[in-house]
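Worksheet: one structure, shown below.
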Amino acid sequence: MKYESQKIAFAYFLTAMLLFIVQVSGGLLAGWIYISPNTLSELLPFNIVRMLHTNALIVWLLVGFFGAAYFIVPEEAGREIHSTKIAYYQLAILVLGTLGAVVTYVFDLFQGNILLGKDGREFLEQPLWVKMGIVVAALMFLYNISMTVLAGKKTAITTVLLIGLWGIAIFFLFAFYNPHNLSLDKMYWWYVVHLWVEGVWELVMASILAYLMLKLTGVDREIVEKWLYVIVGTALFSGILGTGHHYYWIGTPGYWQWIGSVFSTLEIIPFFLMMVFSFVMVWKGRRDHPNKAALLWSLGCTVLAFFGAGVWGFLHTLHGVNYYTHGTQITAAHGHLAFFGAYVSLNLAIFTYAFPMLKNRDPYNQVLNMASFWLMAGGMAFMTFVLTFAGTIQTHLQRVLGQYYMEVQDQLALFYYMRFGAGVAVVIGALLFVFATLVPRREIISAGRTTALNPAE
Amino acid sequence: MREVMTKTMARNIFFGGSLFFIIIFLGLTAHSHYQIVTKTTVAMPLTDSVARGKRVWETHACINCHSLHGEGAYFAPEVGNVMTRWGVTESPDDAFAALKGWIEAQPTGIAGRRQMPRFHLTDEEIRDLTNFLIWADKTDTQGWPPKDSG
């Protein structure tokens with residue numbers, strides 16, 4: 001680690017990993033409620049569990065992005081972070097807001113209060129004071145990072161990263177606009193939700209990935225950065241009008257069916273390019289970086305994002321298909337693999353890359369970390385498959401034959417059992433990841449015979 | 001790729017193209033905003049009661065079990081067309097009675113069945129929620145959902 005202020009990332013990554021565990025535990029509980037619906041039904045109803053699951057996910061991914069920026073920017077800009085103090089205050093505000101939101105949700109405090117009570121629009125349930133805190137924290141962060149970049153070297157990686165992070169803050173402002181007209185509400189709600197995950201988050205993702213490729217493979221910066229611009233170009237060209245695929249059935253005009261279908265189909269391109277990019281860089285690269293686990297997560301990220309966000313997204317994005325599948329378990333299947341592949345894996349990749357430096361130890365192969373990758377990736381893939389089957393049956397019974405919702409759900413029980421099993425694997429993988437990142441200081445499995453035999457091969 | 005395009009070209013295409021698509025998108029949303037306000041949601045006036053009903057819907061986080069126009073959680077039935085399913089879109093009093101009866105019967109406590117929590121709503125809140133759901137039901141959603149089952 002070249003710069004002292006990169007240490008800020010340590011506190012951010014720890015917070016993110018803690019919330020990651022909260023998130024997957026909440027998910028496991030929600031999965032259990034699907035197969036044993038009376039569990040906690042009065043103490044902690046499903047809607048609250050789901051809020052914890054989704055909100056924890058969003059917050060930890062963002063905290064991870066912030067930490068990643070604090071880790072990457074000093075190296076790229078060639079100077080220390082403008083102010084370490086601001087960075088720690090920012091984290092304190094985020095932690096306070098998160099705790100406030102959790103307590104408000106769980107005990108349903110101040111129900112109906114405009115400032116203090118939860119605001120029940122999906123994913124934007126945070127009380128108003130927490131939303132304001134998020135804006136304050138985001139502004140502190142952007143000020144801090146922008147000052148660092150402006151005073152230092154400007155690379156394509158920091159430029160794209162900054163645009164992505166500024167975009168996150170700007171689009172979040174639509175969270176404060178909640179018109180009485182439900183259709184208007186929904187239309188602008190997607191400005192936050194879609195333009196985040198299928199817009200500016202992809203910029204953050206691509207730039208972090210470019211940084212990792214630069215470090216892990218040693219390919220020329222010139223080549224990496226050209227790829228980066230092409231990838232984020234295709235991401236925004238397809239993603240912005242791709243928002244149309246959420247405007248099919250919410251009271252918006254019919255022309256969105258064509259715009260949404262065409263442009264959201266193109267949304268597969270940036271994910272395909274990211275996958276090709278990472279593999280080409282590894283093939284071309286001459287550097288044999290010792291941190292194989294970080295490489296595994298980076299490559300795994302692009303493959304899983306291509307399937308989860310790209311292929312599973314395309315699966316139900318055409319309006320003729322979406323007419324039947326909209327809001328079924330198909331959507332849940334896509335959501336899980338897309339978030340895991342694109343954003344969870346990306347965060348875990350940069351954690352895996354950074355932790356040996358932050359903890360001042362060797363970046364050995366990290367067998368345990370790699371095992372956690374296969375556990376989580378396998379679990380999520382299996383979960384996606386079973387939910388896709390559940391969604392296919394649900395679509396046919398409910399949307400084609402017109403059977404009632406609960407009648408159909410009762411017939412999907414088998415899939416929900418399998419989903420829970422997959423969830424167990426993911427949670428074990430997540431715990432193993434945290435252990436592997438924080439505890440061992442040298443390789444647990446000795447290199448053994450294979451290495452000894454290498455010279456003879 | 002070196003022959004096809006330089007880094008500067010790639011960067012310029014990224015900035016120019018993104019700006020182009022943002023402008024188109026903003027234009028289309030402005031048009032959609034106008035269409036929503038003047039055409040697709042005018043089957044029933046957006047009264048204060050409807051607005052209060054939306055707030056009832058939000059403060060109890062209904063969206064984290066149910067879906068509304070297909071968006072939300074997938075744990076409980078779609079409610080964007082629940083009034084059609086109950087056949088009460090044209091009779092607000094029947095709709096109110098049906099919704100009140102439903103809400104006050106929860107939770108059923110039946111083993112192995114998904115439980116809806118008991119929400120302690122006043123009659124006025126239930127009436128507002130009823131009006132909100134009827135209003136939502138009357139939105140022109142391009143023929144979605146395909147069946148009344150939601």
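Chains: A, B, ... in order of the structure tokens. Residues: from 1 per chain. Ligands: from 1, in order shown.
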
Members of chain B assigned alpha helix (DSSP H) by DSSP, as a ChimeraX atom specification = /B:7-35,48-59,82-85,92-104,123-137

Nearby residues (only C-alpha atoms) at most 12 Å from Asn365 of chain A, same-chain spacing under 6 positions excluded, as a list in words | Asp288, His289, Pro290, Asn291, Lys292, Ala293, Ala294, Leu295, Leu296, Thr352, Tyr353, Pro356, Ala371, Ala436, Thr437, Pro440, Arg441, Arg442, Glu443, Ile444, Ile445, Ser446 and Ala447 of chain A

Exercise: Gln35 of chain B partners within 10 Å, only C-alpha atoms, chain neighbours under 5 positions left out, as a PyMOL selection string | (chain A and resi 251-253) or (chain B and resi 29-30+40-42)

Choose the residue, out of A:Leu109, A:Met51, A:Leu165, A:Ile157, that has the smallest atom-to-atom separation from chain B; count only C-alpha atoms.
-> A:Met51

Atom pair atom CA of Ala206 of chain A + atom CA of Val63 of chain A, distance 17.0 Å

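Coordinates place atom CA of Asp108 of chain A at a distance of 18.5 Å from atom CA of Ile103 of chain B.
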
Quick one: everything within 7 Å of segment 59-63 of chain B, counting only C-alpha atoms, minus sequence neighbours fewer than 4 positions away in the same chain. Send it as a ChimeraX atom specification.
-> /A:47,111-112,118-120,122 /B:55,67,72-73

For the selection just defined, write its residues with C-alpha atoms to a file, as a PDB file, in the first residue's frame.
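Listing of result-v6.pdb after writing:
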ATOM      1  CA  ASN A  47     -42.481  -7.246   5.165  1.00  0.00           C
ATOM      2  CA  GLN A 111     -45.468   5.180  12.414  1.00  0.00           C
ATOM      3  CA  GLY A 112     -46.845   7.756  10.015  1.00  0.00           C
ATOM      4  CA  LYS A 118     -40.583   4.711   7.844  1.00  0.00           C
ATOM      5  CA  ASP A 119     -41.550   5.780   4.351  1.00  0.00           C
ATOM      6  CA  GLY A 120     -42.882   2.639   2.744  1.00  0.00           C
ATOM      7  CA  GLU A 122     -40.007  -0.189  -1.898  1.00  0.00           C
TER       8      GLU A 122
ATOM      9  CA  ARG B  55     -49.991   7.266   2.574  1.00  0.00           C
ATOM     10  CA  SER B  67     -47.171  -6.121  -5.404  1.00  0.00           C
ATOM     11  CA  GLY B  72     -43.115  -4.960  -4.896  1.00  0.00           C
ATOM     12  CA  ALA B  73     -42.549  -8.211  -3.051  1.00  0.00           C
TER      13      ALA B  73
END

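Here the question is which of B:Lys100, B:Lys138, B:Asn64, B:Gly27 gets nearest to chain A using only C-alpha atoms, and that residue is B:Asn64.
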
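Using only C-alpha atoms, the shortest contact distance between chain B and any of A:Leu62, A:Leu52, A:Leu318, A:Leu161 is found at A:Leu52.
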
Quick one: distance from atom CA of Gln90 of chain A to atom CA of Ala137 of chain A in Å, one decimal?
->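 A separation of 5.0 Å between them.
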
Write out as a PyMOL selection string which residues come within 10 Å of segment 111-125 of chain B when counting only C-alpha atoms, dropping same-chain ones fewer than 2 positions away.
-> (chain A and resi 33-47+406+410) or (chain B and resi 49+52-53+55-57+60+62+65+75-76+96-97+100+102-109+127-131)

For the residues in the current selection, export C-alpha atoms as a PDB file, in the first residue's frame.
ATOM      1  CA  ILE A  33     -40.806 -17.914   6.339  1.00  0.00           C
ATOM      2  CA  TYR A  34     -41.713 -19.041   2.804  1.00  0.00           C
ATOM      3  CA  ILE A  35     -41.659 -22.668   3.953  1.00  0.00           C
ATOM      4  CA  SER A  36     -42.825 -22.118   7.542  1.00  0.00           C
ATOM      5  CA  PRO A  37     -45.093 -19.064   7.287  1.00  0.00           C
ATOM      6  CA  ASN A  38     -46.040 -18.825  10.962  1.00  0.00           C
ATOM      7  CA  THR A  39     -42.434 -18.099  12.008  1.00  0.00           C
ATOM      8  CA  LEU A  40     -42.297 -14.774  13.871  1.00  0.00           C
ATOM      9  CA  SER A  41     -45.436 -13.728  11.965  1.00  0.00           C
ATOM     10  CA  GLU A  42     -46.519 -11.353  14.734  1.00  0.00           C
ATOM     11  CA  LEU A  43     -43.165 -10.275  16.159  1.00  0.00           C
ATOM     12  CA  LEU A  44     -41.286  -9.639  12.946  1.00  0.00           C
ATOM     13  CA  PRO A  45     -43.606  -9.928   9.929  1.00  0.00           C
ATOM     14  CA  PHE A  46     -42.308 -10.820   6.474  1.00  0.00           C
ATOM     15  CA  ASN A  47     -42.481  -7.246   5.165  1.00  0.00           C
ATOM     16  CA  MET A 406     -52.247 -18.473  -3.011  1.00  0.00           C
ATOM     17  CA  ASP A 410     -49.043 -23.769  -2.487  1.00  0.00           C
TER      18      ASP A 410
ATOM     19  CA  SER B  49     -58.918  10.614   0.235  1.00  0.00           C
ATOM     20  CA  ARG B  52     -54.312   9.802   2.141  1.00  0.00           C
ATOM     21  CA  GLY B  53     -54.955   6.199   1.154  1.00  0.00           C
ATOM     22  CA  ARG B  55     -49.991   7.266   2.574  1.00  0.00           C
ATOM     23  CA  VAL B  56     -51.736   4.481   4.546  1.00  0.00           C
ATOM     24  CA  TRP B  57     -50.387   2.019   1.976  1.00  0.00           C
ATOM     25  CA  HIS B  60     -47.533   0.127   6.718  1.00  0.00           C
ATOM     26  CA  CYS B  62     -47.625  -3.108   2.290  1.00  0.00           C
ATOM     27  CA  CYS B  65     -45.357  -8.412   0.854  1.00  0.00           C
ATOM     28  CA  PHE B  75     -45.005 -12.938  -1.018  1.00  0.00           C
ATOM     29  CA  ALA B  76     -48.663 -11.920  -1.205  1.00  0.00           C
ATOM     30  CA  PHE B  96     -64.952  -0.606   1.921  1.00  0.00           C
ATOM     31  CA  ALA B  97     -66.925  -3.376   3.637  1.00  0.00           C
ATOM     32  CA  LYS B 100     -62.518  -3.799   6.346  1.00  0.00           C
ATOM     33  CA  TRP B 102     -60.435  -8.679   5.316  1.00  0.00           C
ATOM     34  CA  ILE B 103     -58.086  -6.477   7.334  1.00  0.00           C
ATOM     35  CA  GLU B 104     -59.893  -7.122  10.609  1.00  0.00           C
ATOM     36  CA  ALA B 105     -59.857 -10.895  10.104  1.00  0.00           C
ATOM     37  CA  GLN B 106     -56.032 -10.915  10.109  1.00  0.00           C
ATOM     38  CA  PRO B 107     -53.948 -12.661  11.158  1.00  0.00           C
ATOM     39  CA  THR B 108     -55.742 -15.927  10.502  1.00  0.00           C
ATOM     40  CA  GLY B 109     -53.220 -17.860  12.569  1.00  0.00           C
ATOM     41  CA  ARG B 127     -61.986   4.067   3.390  1.00  0.00           C
ATOM     42  CA  ASP B 128     -58.983   6.073   2.138  1.00  0.00           C
ATOM     43  CA  LEU B 129     -57.096   2.880   1.362  1.00  0.00           C
ATOM     44  CA  THR B 130     -60.162   1.540  -0.474  1.00  0.00           C
ATOM     45  CA  ASN B 131     -60.355   4.685  -2.591  1.00  0.00           C
TER      46      ASN B 131
END

Pick out the residues sitting within 9 Å of Ile81 of chain A, and hand them over as an MDAnalysis selection string; count only C-alpha atoms, and ignore anything fewer than 2 positions along from it in its own chain.
-> chainID A and resid 3:6 70 73:74 79 83:84 87 144:145 147:149

Test item: residues at most 8 Å from Leu236 of chain A, only C-alpha atoms, excluding those fewer than 6 positions along its chain, as a ChimeraX atom specification = /A:199-200 /B:18,21
